[in-house]
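Undergrad: Below is the structure I would like to discuss, written out as structure tokens.
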Amino acid sequence: MATWHTGQRLGLVLALTGAALAQTASTPLLLTIGGRPATSRAIVVGGKTYVPLDALQAAGVSATRAGNTLALTLPGTARAPAAGQAPGGANQVAAVEGCLGELLFNGVLRLRVQRVEDLGTHWGVTLEVRNGTDKLVSTTEMTGLDIYGEELSLTTADGQTLTHSSAGDAWSLAIRQKLPPGAAFVARKEFAKRGQGRPLRLVLFLDPQARSRDSSLRYTVSDPSFRVRLDCQR
């Protein structure tokens with residue numbers, strides 16, 4: 001009778017396990033997000049399709065882990081503040097969310113954060129804003145953007161929220177333009193530094209209930225504000 005050594009038994013177990021998994025899991029599926037190929041792939045196990053977390057995040061789903069709980073937040077839904085965190089601020093805004101370099105759209109405006117620069121005493125954020133309608137659009141008079149409030153805020157990794165604004169900077173001058181259909185402007189907004197954390201989130205706040213907003217401009221989302229994650233790039 002043949003004698004099975006420990007290594008041989010282990011090899012047999014691994015082989016059988018691999019065969020079982022091969023029967024259970026299908027060939028990985030090519031995955032596209034918004035029509036674009038993703039680097040990750042989905043798999044089918046036991047008749048259920050599983051999508052990697054990084055692919056969900058690329059599709060705009062936010063994920064936070066606390067202990068043995070993974071919390072997912074769908075795009076356009078409000079995110080509850082983390083434990084010990086005060087409500088309000090960037091984490092409390094339900095908005096169209098995406099990554100650095102990604103072109104976002106709320107039905108009226110298209111927004112892209114092109115780059116973030118360390119300017120020494122300030123952070124410089126270069127934004128592209130485009131008219132996504134077939135009408136002439138004034139961003140300050142028709143969209144619900146309040147230039148006299150804190151329409152742009154930058155949150156850093158150490159919990160600082162930077163909202164300092166200068167009335168004469170490139171951003172505040174650019175947003176006063178009237179944009180023909182399809183037209184855009186690119187401007188850099190500067191935020192005075194506080195603390196040591198790098199920029200993590202940028203929020204552009206738009207109020208769909210603002211009195212000055214042109215109601216004929218139809219947003220395709222309930223909250224047209226933009227939230228851009230600066231810790232990911234597309």
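Labels used: A, B, ... for chains in the order of the structure tokens, numbers from 1 for residues in each chain, and numbers from 1 for ligands as shown.
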Can you pull out every residue within 12 Å of region 189-191 of chain A, counting only C-alpha atoms, but drop anything in the same chain fewer than 2 positions away, and send it as an MDAnalysis selection string?

TA: chainID A and resid 113:128 150:156 160:175 186:187 193:194 198:199 202 204

Undergrad: From the DSSP assignment of the backbone, select every residue of region 82-187 of chain A that is strand (DSSP E or B), and format the answer as a VMD selection string.

TA: chain A and resid 96 to 100 104 to 105 109 to 118 122 to 131 137 to 138 152 to 156 161 to 162 178 to 179 184 to 187

Undergrad: Which one is closest to Gln209 (chain A): A:Pro224, A:Gly159, A:Gly47, A:Pro181? Count only C-alpha atoms.

TA: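 When distances to Gln209 (chain A) are compared using only C-alpha atoms, the smallest one comes from A:Pro224.
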